[in-house]
$ cat run03.cif   # mmCIF, C-alpha atoms
data_structure
loop_
_atom_site.label_atom_id
_atom_site.label_comp_id
_atom_site.auth_asym_id
_atom_site.auth_seq_id
_atom_site.Cartn_x
_atom_site.Cartn_y
_atom_site.Cartn_z
CA MET W 1 123.75 -21.19 -24.66
CA LYS W 2 120.47 -20.11 -26.15
CA ARG W 3 120.19 -23.44 -27.92
CA ARG W 4 120.93 -25.35 -24.70
CA ASP W 5 118.40 -23.20 -22.81
CA PHE W 6 115.79 -23.90 -25.48
CA LEU W 7 116.39 -27.65 -25.26
CA LYS W 8 116.07 -27.50 -21.49
CA VAL W 9 112.84 -25.59 -21.67
CA GLY W 10 111.54 -27.80 -24.47
CA GLY W 11 112.52 -30.93 -22.61
CA ALA W 12 110.77 -29.71 -19.52
CA GLY W 13 107.67 -28.98 -21.56
CA LEU W 14 107.68 -32.46 -23.07
CA ALA W 15 108.13 -33.98 -19.65
CA ALA W 16 105.24 -31.92 -18.32
CA SER W 17 102.97 -33.02 -21.15
CA ALA W 18 103.98 -36.64 -20.58
CA VAL W 19 102.87 -36.30 -16.96
CA ALA W 20 99.73 -34.38 -17.83
CA ALA W 21 98.30 -36.96 -20.23
CA PRO W 22 97.90 -39.73 -17.65
CA ALA W 23 96.53 -37.20 -15.16
CA ILE W 24 93.82 -36.22 -17.60
CA ALA W 25 93.03 -39.87 -18.31
CA GLN W 26 92.76 -40.56 -14.61
CA SER W 27 90.09 -37.87 -14.29
CA ASN W 28 87.72 -40.13 -16.26
CA PRO W 29 86.90 -43.01 -13.91
CA GLU W 30 85.90 -46.48 -15.00
CA ILE W 31 82.20 -46.90 -14.25
CA LYS W 32 79.93 -49.86 -14.92
CA TRP W 33 76.14 -49.62 -15.05
CA ARG W 34 73.30 -51.99 -15.85
CA LEU W 35 70.38 -51.14 -18.14
CA ALA W 36 67.08 -53.04 -17.83
CA ALA W 37 65.00 -52.96 -21.02
CA SER W 38 61.29 -53.55 -21.54
CA TRP W 39 62.00 -55.51 -24.74
CA PRO W 40 62.88 -59.13 -25.52
CA LYS W 41 66.06 -59.78 -27.48
CA SER W 42 64.02 -61.03 -30.44
CA LEU W 43 62.97 -57.43 -31.16
CA ASP W 44 66.24 -56.44 -32.76
CA THR W 45 65.26 -52.82 -33.30
CA LEU W 46 63.92 -51.94 -29.86
CA TYR W 47 66.38 -54.10 -27.94
CA GLY W 48 68.94 -53.56 -30.68
CA GLY W 49 68.64 -49.86 -29.96
CA CYS W 50 69.69 -50.54 -26.36
CA GLU W 51 72.75 -52.41 -27.60
CA TYR W 52 73.56 -49.60 -30.02
CA PHE W 53 73.17 -47.01 -27.25
CA THR W 54 75.49 -48.78 -24.82
CA LYS W 55 78.09 -49.27 -27.56
CA ARG W 56 78.00 -45.55 -28.40
CA VAL W 57 78.44 -44.56 -24.74
CA ALA W 58 81.52 -46.80 -24.53
CA GLU W 59 82.95 -45.34 -27.74
CA ILE W 60 82.37 -41.75 -26.63
CA THR W 61 84.05 -42.31 -23.26
CA ASP W 62 87.00 -44.35 -24.55
CA ASN W 63 85.45 -47.46 -22.95
CA LYS W 64 85.62 -45.93 -19.48
CA PHE W 65 81.83 -45.88 -19.04
CA GLN W 66 80.42 -49.35 -19.64
CA ILE W 67 76.65 -49.97 -19.61
CA GLN W 68 75.46 -53.57 -19.92
CA PRO W 69 71.95 -54.04 -21.38
CA PHE W 70 69.58 -56.73 -20.11
CA ALA W 71 66.43 -57.84 -21.92
CA ALA W 72 62.98 -57.98 -20.37
CA GLY W 73 62.82 -60.61 -17.64
CA GLU W 74 66.57 -60.98 -17.19
CA ILE W 75 66.61 -58.66 -14.17
CA VAL W 76 63.03 -57.41 -13.89
CA PRO W 77 59.82 -57.97 -15.91
CA ALA W 78 59.18 -55.73 -18.91
CA LEU W 79 56.60 -53.55 -17.17
CA GLN W 80 58.61 -52.97 -13.98
CA VAL W 81 61.58 -51.08 -15.41
CA LEU W 82 60.60 -47.74 -13.88
CA ASP W 83 60.31 -49.30 -10.44
CA ALA W 84 63.71 -50.98 -10.80
CA VAL W 85 65.40 -47.70 -11.74
CA SER W 86 63.53 -45.74 -9.08
CA ASN W 87 64.55 -48.07 -6.24
CA GLY W 88 68.13 -48.46 -7.45
CA THR W 89 67.95 -52.13 -8.50
CA VAL W 90 69.54 -50.94 -11.77
CA GLU W 91 71.10 -47.60 -12.63
CA MET W 92 69.02 -47.09 -15.77
CA GLY W 93 66.36 -48.55 -18.03
CA ASN W 94 64.96 -48.30 -21.53
CA THR W 95 61.17 -48.36 -21.64
CA ALA W 96 57.95 -46.78 -22.85
CA LEU W 97 56.76 -44.34 -20.21
CA TYR W 98 53.09 -44.95 -20.97
CA TYR W 99 53.44 -48.38 -19.37
CA TYR W 100 53.28 -46.51 -16.06
CA TRP W 101 50.13 -44.50 -16.70
CA GLY W 102 48.56 -46.32 -13.73
CA LYS W 103 50.98 -44.43 -11.49
CA ASN W 104 50.18 -41.15 -13.22
CA ALA W 105 48.22 -40.73 -16.47
CA ALA W 106 50.62 -37.97 -17.53
CA PHE W 107 53.28 -40.59 -18.28
CA THR W 108 51.44 -41.22 -21.55
CA PHE W 109 52.85 -37.96 -22.92
CA GLY W 110 56.31 -39.53 -22.84
CA THR W 111 55.40 -42.25 -25.35
CA SER W 112 52.32 -41.09 -27.24
CA LEU W 113 49.07 -39.39 -26.40
CA PRO W 114 46.26 -41.05 -28.40
CA PHE W 115 45.32 -38.71 -31.25
CA GLY W 116 48.38 -36.68 -30.29
CA LEU W 117 51.51 -36.02 -32.36
CA ASN W 118 53.40 -37.84 -35.07
CA THR W 119 57.05 -38.78 -34.62
CA ARG W 120 58.63 -35.58 -35.89
CA ALA W 121 56.22 -33.32 -34.04
CA HIS W 122 56.60 -35.31 -30.82
CA ILE W 123 60.40 -35.15 -30.66
CA SER W 124 60.11 -31.46 -31.52
CA TRP W 125 57.69 -30.89 -28.63
CA LEU W 126 59.86 -32.91 -26.23
CA ARG W 127 63.10 -31.10 -27.06
CA PHE W 128 61.97 -27.59 -27.91
CA GLY W 129 58.40 -27.27 -26.64
CA GLY W 130 59.12 -27.98 -22.98
CA GLY W 131 57.74 -31.51 -23.08
CA MET W 132 60.86 -33.17 -21.66
CA ASP W 133 61.15 -30.61 -18.88
CA MET W 134 57.58 -31.36 -17.81
CA LEU W 135 58.17 -35.11 -17.97
CA ASN W 136 61.31 -34.81 -15.88
CA ASP W 137 59.36 -32.78 -13.36
CA LEU W 138 57.08 -35.83 -13.09
CA LEU W 139 59.94 -38.35 -13.15
CA LYS W 140 61.72 -36.69 -10.25
CA ASP W 141 58.82 -37.83 -8.03
CA TYR W 142 60.09 -41.35 -8.83
CA LYS W 143 63.75 -40.41 -8.29
CA CYS W 144 64.44 -40.61 -12.02
CA VAL W 145 65.47 -38.43 -14.93
CA GLY W 146 64.83 -39.25 -18.57
CA VAL W 147 65.99 -38.51 -22.11
CA PRO W 148 64.21 -39.53 -25.36
CA THR W 149 65.74 -42.36 -27.33
CA GLY W 150 64.44 -44.55 -30.18
CA SER W 151 60.95 -44.07 -31.62
CA THR W 152 58.99 -46.66 -33.59
CA GLY W 153 57.27 -44.07 -35.76
CA ALA W 154 53.51 -44.26 -36.35
CA GLN W 155 52.16 -47.66 -35.37
CA MET W 156 49.59 -50.05 -36.76
CA GLY W 157 46.10 -50.62 -35.36
CA GLY W 158 46.68 -54.26 -34.55
CA TRP W 159 45.55 -57.80 -35.33
CA PHE W 160 41.91 -58.87 -34.95
CA ARG W 161 40.29 -62.28 -35.15
CA LYS W 162 37.13 -60.76 -36.62
CA GLU W 163 36.39 -57.83 -38.88
CA ILE W 164 35.63 -54.46 -37.26
CA LYS W 165 32.67 -52.90 -39.07
CA SER W 166 31.40 -50.49 -36.43
CA VAL W 167 32.10 -49.29 -32.93
CA ASP W 168 29.67 -51.93 -31.64
CA ASP W 169 32.24 -54.57 -32.59
CA PHE W 170 34.44 -53.27 -29.77
CA LYS W 171 31.87 -54.16 -27.13
CA GLY W 172 33.32 -56.94 -24.97
CA LEU W 173 36.39 -57.23 -27.21
CA LYS W 174 39.44 -58.30 -25.18
CA PHE W 175 42.18 -56.17 -26.76
CA ARG W 176 45.85 -56.08 -25.85
CA VAL W 177 46.78 -52.41 -26.14
CA GLY W 178 49.70 -50.55 -24.63
CA GLY W 179 49.47 -47.80 -22.09
CA PHE W 180 46.81 -45.18 -21.63
CA ALA W 181 44.88 -46.05 -24.82
CA GLY W 182 43.18 -48.81 -22.84
CA THR W 183 41.06 -46.23 -21.04
CA ILE W 184 39.66 -45.10 -24.39
CA ILE W 185 39.05 -48.67 -25.55
CA ALA W 186 37.16 -49.28 -22.29
CA LYS W 187 35.05 -46.17 -22.81
CA VAL W 188 33.80 -47.49 -26.17
CA GLY W 189 33.03 -50.91 -24.69
CA GLY W 190 36.27 -52.88 -25.11
CA VAL W 191 38.20 -54.77 -22.45
CA PRO W 192 41.82 -53.55 -22.55
CA GLN W 193 44.69 -55.84 -21.60
CA GLN W 194 48.26 -54.67 -21.01
CA ILE W 195 50.57 -57.59 -21.81
CA ALA W 196 54.33 -57.59 -22.43
CA ALA W 197 55.57 -58.42 -25.94
CA GLY W 198 56.64 -61.99 -25.27
CA ASP W 199 53.25 -62.94 -23.80
CA ILE W 200 51.00 -61.58 -26.55
CA TYR W 201 51.17 -64.46 -29.06
CA PRO W 202 50.17 -67.25 -26.66
CA ALA W 203 47.31 -65.13 -25.31
CA LEU W 204 46.05 -64.47 -28.84
CA GLU W 205 46.52 -68.10 -29.89
CA LYS W 206 44.61 -69.46 -26.88
CA GLY W 207 41.79 -66.95 -27.25
CA THR W 208 42.54 -65.27 -23.93
CA ILE W 209 42.42 -62.06 -25.96
CA ASP W 210 40.53 -61.31 -29.19
CA ALA W 211 42.91 -58.77 -30.68
CA ALA W 212 46.34 -57.28 -30.09
CA GLU W 213 48.51 -54.43 -31.21
CA TRP W 214 52.24 -54.16 -30.81
CA VAL W 215 54.24 -51.86 -33.09
CA GLY W 216 54.24 -52.39 -36.83
CA PRO W 217 54.96 -54.87 -39.62
CA TYR W 218 58.60 -55.69 -38.83
CA ASP W 219 58.08 -56.51 -35.15
CA ASP W 220 54.60 -57.95 -35.69
CA GLU W 221 56.05 -60.40 -38.21
CA LYS W 222 58.70 -61.50 -35.71
CA LEU W 223 56.04 -62.08 -33.07
CA GLY W 224 53.99 -64.22 -35.48
CA PHE W 225 50.58 -62.57 -35.08
CA VAL W 226 49.52 -63.27 -38.68
CA LYS W 227 49.33 -66.98 -37.80
CA VAL W 228 46.52 -66.48 -35.27
CA ALA W 229 44.68 -63.31 -36.39
CA LYS W 230 44.25 -62.24 -40.02
CA TYR W 231 42.68 -58.77 -39.94
CA TYR W 232 45.42 -56.13 -39.78
CA TYR W 233 44.06 -52.66 -39.06
CA TYR W 234 45.41 -49.14 -39.41
CA PRO W 235 46.02 -46.46 -38.26
CA GLY W 236 47.14 -47.01 -34.70
CA TRP W 237 45.43 -43.83 -33.52
CA TRP W 238 46.75 -44.35 -30.00
CA GLU W 239 50.32 -44.09 -31.25
CA GLY W 240 51.05 -41.54 -33.94
CA THR W 241 54.54 -42.22 -32.62
CA GLY W 242 55.98 -44.71 -30.17
CA GLN W 243 58.63 -42.77 -28.28
CA GLY W 244 60.97 -44.70 -25.99
CA HIS W 245 63.05 -43.24 -23.18
CA ASN W 246 66.23 -43.93 -21.33
CA ILE W 247 65.52 -43.32 -17.66
CA MET W 248 68.26 -43.00 -15.06
CA ASN W 249 68.20 -43.15 -11.29
CA LEU W 250 68.48 -39.48 -10.37
CA ASP W 251 71.09 -39.91 -7.63
CA LYS W 252 73.22 -42.19 -9.81
CA PHE W 253 72.97 -39.80 -12.75
CA ASN W 254 73.88 -36.76 -10.68
CA ALA W 255 76.93 -38.60 -9.33
CA LEU W 256 78.32 -39.15 -12.86
CA PRO W 257 81.05 -36.89 -14.25
CA LYS W 258 79.52 -34.24 -16.47
CA GLN W 259 81.11 -35.73 -19.58
CA TYR W 260 79.45 -39.09 -18.84
CA GLN W 261 76.09 -37.38 -18.42
CA ALA W 262 76.68 -35.73 -21.81
CA ALA W 263 77.61 -39.12 -23.28
CA ILE W 264 74.26 -40.57 -22.21
CA GLU W 265 72.37 -37.67 -23.77
CA THR W 266 74.40 -37.69 -26.99
CA ALA W 267 74.15 -41.46 -27.43
CA SER W 268 70.40 -41.37 -26.67
CA TYR W 269 69.72 -38.87 -29.45
CA ASP W 270 71.98 -40.83 -31.77
CA THR W 271 69.92 -43.93 -30.94
CA PHE W 272 66.73 -42.06 -31.81
CA SER W 273 67.84 -41.74 -35.44
CA TRP W 274 69.12 -45.35 -35.47
CA VAL W 275 65.88 -46.91 -34.22
CA THR W 276 63.49 -44.67 -36.16
CA GLY W 277 65.54 -44.91 -39.33
CA LYS W 278 65.71 -48.69 -39.14
CA TYR W 279 61.95 -49.07 -38.59
CA ASP W 280 61.21 -46.89 -41.59
CA TYR W 281 63.60 -48.98 -43.66
CA VAL W 282 62.35 -52.45 -42.69
CA ASN W 283 58.59 -51.95 -42.23
CA ALA W 284 57.67 -51.62 -45.91
CA ALA W 285 59.18 -54.95 -46.92
CA ALA W 286 57.76 -56.66 -43.82
CA LEU W 287 54.25 -55.43 -44.69
CA LYS W 288 54.52 -57.04 -48.13
CA ARG W 289 55.59 -60.33 -46.56
CA LEU W 290 52.68 -60.24 -44.11
CA LEU W 291 50.20 -59.66 -46.92
CA ALA W 292 51.69 -62.59 -48.80
CA ALA W 293 51.28 -64.67 -45.63
CA GLY W 294 47.54 -63.97 -45.54
CA ALA W 295 47.14 -60.71 -43.61
CA ILE W 296 44.01 -58.77 -44.59
CA LEU W 297 44.89 -55.07 -44.45
CA LYS W 298 42.00 -52.79 -43.50
CA PRO W 299 41.47 -49.21 -42.29
CA PHE W 300 39.42 -48.60 -39.18
CA PRO W 301 35.96 -47.33 -40.21
CA GLN W 302 35.49 -43.58 -39.86
CA GLU W 303 32.75 -44.21 -37.30
CA VAL W 304 35.20 -46.09 -35.08
CA LEU W 305 37.88 -43.40 -35.32
CA GLU W 306 35.44 -40.61 -34.50
CA ALA W 307 33.92 -42.51 -31.56
CA CYS W 308 37.38 -43.14 -30.10
CA TYR W 309 38.45 -39.55 -30.70
CA ASN W 310 35.38 -38.20 -28.90
CA ALA W 311 35.89 -40.64 -26.02
CA ALA W 312 39.54 -39.57 -25.75
CA THR W 313 38.64 -35.88 -25.64
CA GLU W 314 36.18 -36.48 -22.79
CA ILE W 315 38.80 -38.40 -20.81
CA TYR W 316 41.45 -35.71 -21.35
CA ASN W 317 39.11 -32.95 -20.21
CA ASP W 318 38.22 -34.86 -17.04
CA LEU W 319 41.86 -35.65 -16.23
CA SER W 320 42.88 -32.06 -16.77
CA LYS W 321 40.58 -31.06 -13.92
CA SER W 322 42.17 -33.42 -11.39
CA ASN W 323 45.77 -34.04 -12.52
CA PRO W 324 48.07 -30.98 -12.63
CA HIS W 325 50.82 -32.79 -14.54
CA PHE W 326 48.34 -34.01 -17.15
CA SER W 327 46.68 -30.61 -17.46
CA LYS W 328 49.97 -28.80 -18.02
CA MET W 329 51.23 -31.25 -20.65
CA TYR W 330 47.88 -31.51 -22.43
CA THR W 331 47.58 -27.74 -22.73
CA SER W 332 51.12 -27.50 -24.07
CA LEU W 333 50.85 -30.41 -26.50
CA THR W 334 47.48 -29.46 -27.99
CA ALA W 335 48.62 -25.89 -28.59
CA PHE W 336 51.70 -27.17 -30.39
CA ARG W 337 49.65 -29.77 -32.30
CA ALA W 338 47.41 -27.07 -33.78
CA GLU W 339 50.43 -25.35 -35.29
CA SER W 340 52.28 -28.53 -36.20
CA VAL W 341 49.36 -30.09 -38.10
CA ALA W 342 48.97 -26.96 -40.22
CA TRP W 343 52.66 -26.96 -41.08
CA MET W 344 52.72 -30.70 -41.86
CA GLN W 345 49.74 -30.27 -44.19
CA VAL W 346 51.47 -27.49 -46.10
CA ALA W 347 54.78 -29.30 -46.44
CA GLU W 348 54.80 -33.03 -45.72
CA LEU W 349 51.23 -34.05 -46.59
CA SER W 350 51.15 -32.17 -49.89
CA TYR W 351 54.49 -33.65 -50.93
CA ASP W 352 53.62 -37.22 -49.89
CA SER W 353 50.19 -37.00 -51.54
CA PHE W 354 51.72 -35.86 -54.83
CA MET W 355 54.34 -38.60 -54.76
CA MET W 356 51.68 -41.22 -54.06
CA ARG W 357 49.65 -40.05 -57.07
CA MET W 358 52.72 -40.21 -59.28
CA ARG W 359 53.55 -43.67 -57.99
CA THR W 360 50.13 -45.01 -58.97
CA ARG W 361 50.60 -43.74 -62.52
CA THR W 362 53.77 -45.71 -63.09
#
$ encode --input "run03.cif" --output "structure tokens"
Amino acid sequence: MKRRDFLKVGGAGLAASAVAAPAIAQSNPEIKWRLAASWPKSLDTLYGGCEYFTKRVAEITDNKFQIQPFAAGEIVPALQVLDAVSNGTVEMGNTALYYYWGKNAAFTFGTSLPFGLNTRAHISWLRFGGGMDMLNDLLKDYKCVGVPTGSTGAQMGGWFRKEIKSVDDFKGLKFRVGGFAGTIIAKVGGVPQQIAAGDIYPALEKGTIDAAEWVGPYDDEKLGFVKVAKYYYYPGWWEGTGQGHNIMNLDKFNALPKQYQAAIETASYDTFSWVTGKYDYVNAAALKRLLAAGAILKPFPQEVLEACYNAATEIYNDLSKSNPHFSKMYTSLTAFRAESVAWMQVAELSYDSFMMRMRTRT
């Protein structure tokens, strides 16, 4: 009797578990979203990061949450992704927040403040220094919420038709530069142009612009800039990092099951390491190929860097008086930068400098 009772109880338990499994599965609905990116498909690290992200979300949710990526121009132009997410045209986008500095200058803190932080320090400030909380406080005014995703790392200073010997060479120079850095270029006499990736080469080839920056060797090689401008400058002081973000329509995001919200966040941070790691891997070889193709690698003169730094500081101080979002983020970031730079000098810079000296001996 005891054995029969056990089998009955056990059988009932098995039956209950057989019923429970589909019930649990049914609690995860099938949802389909669209993601509008600011990048053309030819940029296989930036746009490739979007593809990687959407694949990871599907894997994490057992293919229940499907997000389809669209390249720049397929749904909306590259520089209108925030608007498309804000008004609900798409559920989410992948973009550089500094593209929208014209709406609010504080958006530049999402991608890179000129003379701000390097990649490691920036993601640290975003995640642990309150940076992302402050950005989301700004994004909610546009009915959006964001999470950091892939970063390009430190960028190059761009391609110039003529050599830059002093700050006077910037006077009247038509320079394609992303985001807020254009205000600094203008202050030292340049004429900034914000142009999407796919439109830069023809503008440089036709002479509509005199110089252009994009990201770094790997992407710059794909876009063909070495064919129409030979002088390749560094560092890209306006982007010690190039942090991208996934931005979601706030109402759509809040309506997701909690596990799908977590999937977006988890996959976004996973994509950060994928994009940043790939850029660090491919840029070195691409730089060698560009030099072989005729690129003339040059550092910006110290005079130019100092003039731009001083111009930037004046702009930041003025904005801090009139823009509460900018003031709060600038105060937070500069305080963190003071500590971060000291730490990086002790650890990273000393190590890298030693390894560079040893490399030149061999």
$ residues_around --input "run03.cif" --residues "region 96-107 of chain W" --least-positions-apart "2" --cutoff "9 Å" --atoms "only C-alpha atoms" --output "PyMOL selection string"
chain W and resi 38+79-80+82+94+109-113+135+138-139+178-180+194+242-246+319+323-327+329-330
$ atom_distance --input "run03.cif" --atom1 "CA of Ser268 (chain W)" --atom2 "CA of Phe53 (chain W)"
6.3 Å
$ atom_distance --input "run03.cif" --atom1 "CA of Trp238 (chain W)" --atom2 "CA of Val282 (chain W)"
21.7 Å
$ resolve_selection --input "run03.cif" --expression "the PyMOL selection byres ((chain W and resi 249) around 7)" --output "ChimeraX atom specification"
/W:85-86,88,91-92,143-145,247-248,250-253
$ write_last_selection --input "run03.cif" --atoms "C-alpha atoms" --output "CSV table (one decimal), in the coordinates of the input"
chain,number,residue,atom,x,y,z
W,85,VAL,CA,65.4,-47.7,-11.7
W,86,SER,CA,63.5,-45.7,-9.1
W,88,GLY,CA,68.1,-48.5,-7.4
W,91,GLU,CA,71.1,-47.6,-12.6
W,92,MET,CA,69.0,-47.1,-15.8
W,143,LYS,CA,63.8,-40.4,-8.3
W,144,CYS,CA,64.4,-40.6,-12.0
W,145,VAL,CA,65.5,-38.4,-14.9
W,247,ILE,CA,65.5,-43.3,-17.7
W,248,MET,CA,68.3,-43.0,-15.1
W,250,LEU,CA,68.5,-39.5,-10.4
W,251,ASP,CA,71.1,-39.9,-7.6
W,252,LYS,CA,73.2,-42.2,-9.8
W,253,PHE,CA,73.0,-39.8,-12.8
$ residues_around --input "run03.cif" --residues "Gln193 (chain W)" --least-positions-apart "3" --cutoff "8 Å" --atoms "only C-alpha atoms" --output "PyMOL selection string"
chain W and resi 174-178+182+209
$ residues_around --input "run03.cif" --residues "Lys227 (chain W)" --least-positions-apart "5" --cutoff "10 Å" --atoms "all atoms listed in the file" --output "ChimeraX atom specification"
/W:201,204-205,221,290,293-295
$ write_last_selection --input "run03.cif" --atoms "C-alpha atoms" --output "mmCIF file, in the frame of the given file"
data_model
loop_
_atom_site.group_PDB
_atom_site.id
_atom_site.type_symbol
_atom_site.label_atom_id
_atom_site.label_comp_id
_atom_site.auth_asym_id
_atom_site.auth_seq_id
_atom_site.Cartn_x
_atom_site.Cartn_y
_atom_site.Cartn_z
ATOM 1 C CA TYR W 201 51.170 -64.460 -29.060
ATOM 2 C CA LEU W 204 46.050 -64.470 -28.840
ATOM 3 C CA GLU W 205 46.520 -68.100 -29.890
ATOM 4 C CA GLU W 221 56.050 -60.400 -38.210
ATOM 5 C CA LEU W 290 52.680 -60.240 -44.110
ATOM 6 C CA ALA W 293 51.280 -64.670 -45.630
ATOM 7 C CA GLY W 294 47.540 -63.970 -45.540
ATOM 8 C CA ALA W 295 47.140 -60.710 -43.610
#
$ atom_distance --input "run03.cif" --atom1 "CA of Thr331 (chain W)" --atom2 "CA of Gly240 (chain W)"
18.1 Å
$ resolve_selection --input "run03.cif" --expression "the PyMOL selection byres ((chain W and resi 305-318) around 10)" --output "short mmCIF file (atom, residue, chain, number, x, y, z; two decimals) with C-alpha atoms, keeping the file's coordinate frame"
data_model
loop_
_atom_site.label_atom_id
_atom_site.label_comp_id
_atom_site.auth_asym_id
_atom_site.auth_seq_id
_atom_site.Cartn_x
_atom_site.Cartn_y
_atom_site.Cartn_z
CA ALA W 105 48.22 -40.73 -16.47
CA LEU W 113 49.07 -39.39 -26.40
CA PRO W 114 46.26 -41.05 -28.40
CA PHE W 115 45.32 -38.71 -31.25
CA SER W 166 31.40 -50.49 -36.43
CA VAL W 167 32.10 -49.29 -32.93
CA ALA W 181 44.88 -46.05 -24.82
CA THR W 183 41.06 -46.23 -21.04
CA ILE W 184 39.66 -45.10 -24.39
CA ILE W 185 39.05 -48.67 -25.55
CA ALA W 186 37.16 -49.28 -22.29
CA LYS W 187 35.05 -46.17 -22.81
CA VAL W 188 33.80 -47.49 -26.17
CA PRO W 235 46.02 -46.46 -38.26
CA GLY W 236 47.14 -47.01 -34.70
CA TRP W 237 45.43 -43.83 -33.52
CA TRP W 238 46.75 -44.35 -30.00
CA PRO W 299 41.47 -49.21 -42.29
CA PHE W 300 39.42 -48.60 -39.18
CA PRO W 301 35.96 -47.33 -40.21
CA GLN W 302 35.49 -43.58 -39.86
CA GLU W 303 32.75 -44.21 -37.30
CA VAL W 304 35.20 -46.09 -35.08
CA LEU W 319 41.86 -35.65 -16.23
CA SER W 320 42.88 -32.06 -16.77
CA LYS W 321 40.58 -31.06 -13.92
CA SER W 322 42.17 -33.42 -11.39
CA ASN W 323 45.77 -34.04 -12.52
CA PHE W 326 48.34 -34.01 -17.15
CA SER W 327 46.68 -30.61 -17.46
CA TYR W 330 47.88 -31.51 -22.43
#
$ closest_residue --input "run03.cif" --among "W:Tyr218, W:Tyr47, W:Tyr231, W:Phe354" --to "Phe70 (chain W)" --atoms "only C-alpha atoms"
W:Tyr47
$ residues_near_point --input "run03.cif" --point "(45.6, -62.7, -36.4)" --cutoff "9 Å" --atoms "only C-alpha atoms" --output "PDB file with C-alpha atoms, in the frame of the given file"
ATOM      1  CA  GLY W 158      46.680 -54.260 -34.550  1.00  0.00           C
ATOM      2  CA  TRP W 159      45.550 -57.800 -35.330  1.00  0.00           C
ATOM      3  CA  PHE W 160      41.910 -58.870 -34.950  1.00  0.00           C
ATOM      4  CA  ARG W 161      40.290 -62.280 -35.150  1.00  0.00           C
ATOM      5  CA  LYS W 162      37.130 -60.760 -36.620  1.00  0.00           C
ATOM      6  CA  LEU W 204      46.050 -64.470 -28.840  1.00  0.00           C
ATOM      7  CA  GLU W 205      46.520 -68.100 -29.890  1.00  0.00           C
ATOM      8  CA  ASP W 210      40.530 -61.310 -29.190  1.00  0.00           C
ATOM      9  CA  ALA W 211      42.910 -58.770 -30.680  1.00  0.00           C
ATOM     10  CA  ALA W 212      46.340 -57.280 -30.090  1.00  0.00           C
ATOM     11  CA  GLY W 224      53.990 -64.220 -35.480  1.00  0.00           C
ATOM     12  CA  PHE W 225      50.580 -62.570 -35.080  1.00  0.00           C
ATOM     13  CA  VAL W 226      49.520 -63.270 -38.680  1.00  0.00           C
ATOM     14  CA  LYS W 227      49.330 -66.980 -37.800  1.00  0.00           C
ATOM     15  CA  VAL W 228      46.520 -66.480 -35.270  1.00  0.00           C
ATOM     16  CA  ALA W 229      44.680 -63.310 -36.390  1.00  0.00           C
ATOM     17  CA  LYS W 230      44.250 -62.240 -40.020  1.00  0.00           C
ATOM     18  CA  TYR W 231      42.680 -58.770 -39.940  1.00  0.00           C
ATOM     19  CA  TYR W 232      45.420 -56.130 -39.780  1.00  0.00           C
ATOM     20  CA  ALA W 295      47.140 -60.710 -43.610  1.00  0.00           C
TER      21      ALA W 295
END
$ closest_residue --input "run03.cif" --among "W:Thr266, W:Thr241, W:Ser151, W:Thr89" --to "Thr45 (chain W)" --atoms "only C-alpha atoms"
W:Ser151
$ resolve_selection --input "run03.cif" --expression "the PyMOL selection byres ((chain W and resi 68) around 10)" --output "PDB file with C-alpha atoms, keeping the file's coordinate frame"
ATOM      1  CA  LYS W  32      79.930 -49.860 -14.920  1.00  0.00           C
ATOM      2  CA  TRP W  33      76.140 -49.620 -15.050  1.00  0.00           C
ATOM      3  CA  ARG W  34      73.300 -51.990 -15.850  1.00  0.00           C
ATOM      4  CA  LEU W  35      70.380 -51.140 -18.140  1.00  0.00           C
ATOM      5  CA  ALA W  36      67.080 -53.040 -17.830  1.00  0.00           C
ATOM      6  CA  CYS W  50      69.690 -50.540 -26.360  1.00  0.00           C
ATOM      7  CA  GLU W  51      72.750 -52.410 -27.600  1.00  0.00           C
ATOM      8  CA  THR W  54      75.490 -48.780 -24.820  1.00  0.00           C
ATOM      9  CA  LYS W  55      78.090 -49.270 -27.560  1.00  0.00           C
ATOM     10  CA  GLN W  66      80.420 -49.350 -19.640  1.00  0.00           C
ATOM     11  CA  ILE W  67      76.650 -49.970 -19.610  1.00  0.00           C
ATOM     12  CA  PRO W  69      71.950 -54.040 -21.380  1.00  0.00           C
ATOM     13  CA  PHE W  70      69.580 -56.730 -20.110  1.00  0.00           C
TER      14      PHE W  70
END
$ closest_residue --input "run03.cif" --among "W:Trp274, W:Tyr52, W:Trp125, W:Trp214" --to "Ala335 (chain W)" --atoms "all atoms listed in the file"
W:Trp125
$ closest_residue --input "run03.cif" --among "W:Ala347, W:Leu297, W:Leu333, W:Ala342" --to "Ile164 (chain W)" --atoms "all atoms listed in the file"
W:Leu297
$ residues_near_point --input "run03.cif" --point "(61.7, -59.5, -22.9)" --cutoff "6 Å" --atoms "all atoms listed in the file" --output "PyMOL selection string"
chain W and resi 39-40+71-73
$ write_last_selection --input "run03.cif" --atoms "C-alpha atoms" --output "CSV table (one decimal), keeping the file's coordinate frame"
chain,number,residue,atom,x,y,z
W,39,TRP,CA,62.0,-55.5,-24.7
W,40,PRO,CA,62.9,-59.1,-25.5
W,71,ALA,CA,66.4,-57.8,-21.9
W,72,ALA,CA,63.0,-58.0,-20.4
W,73,GLY,CA,62.8,-60.6,-17.6
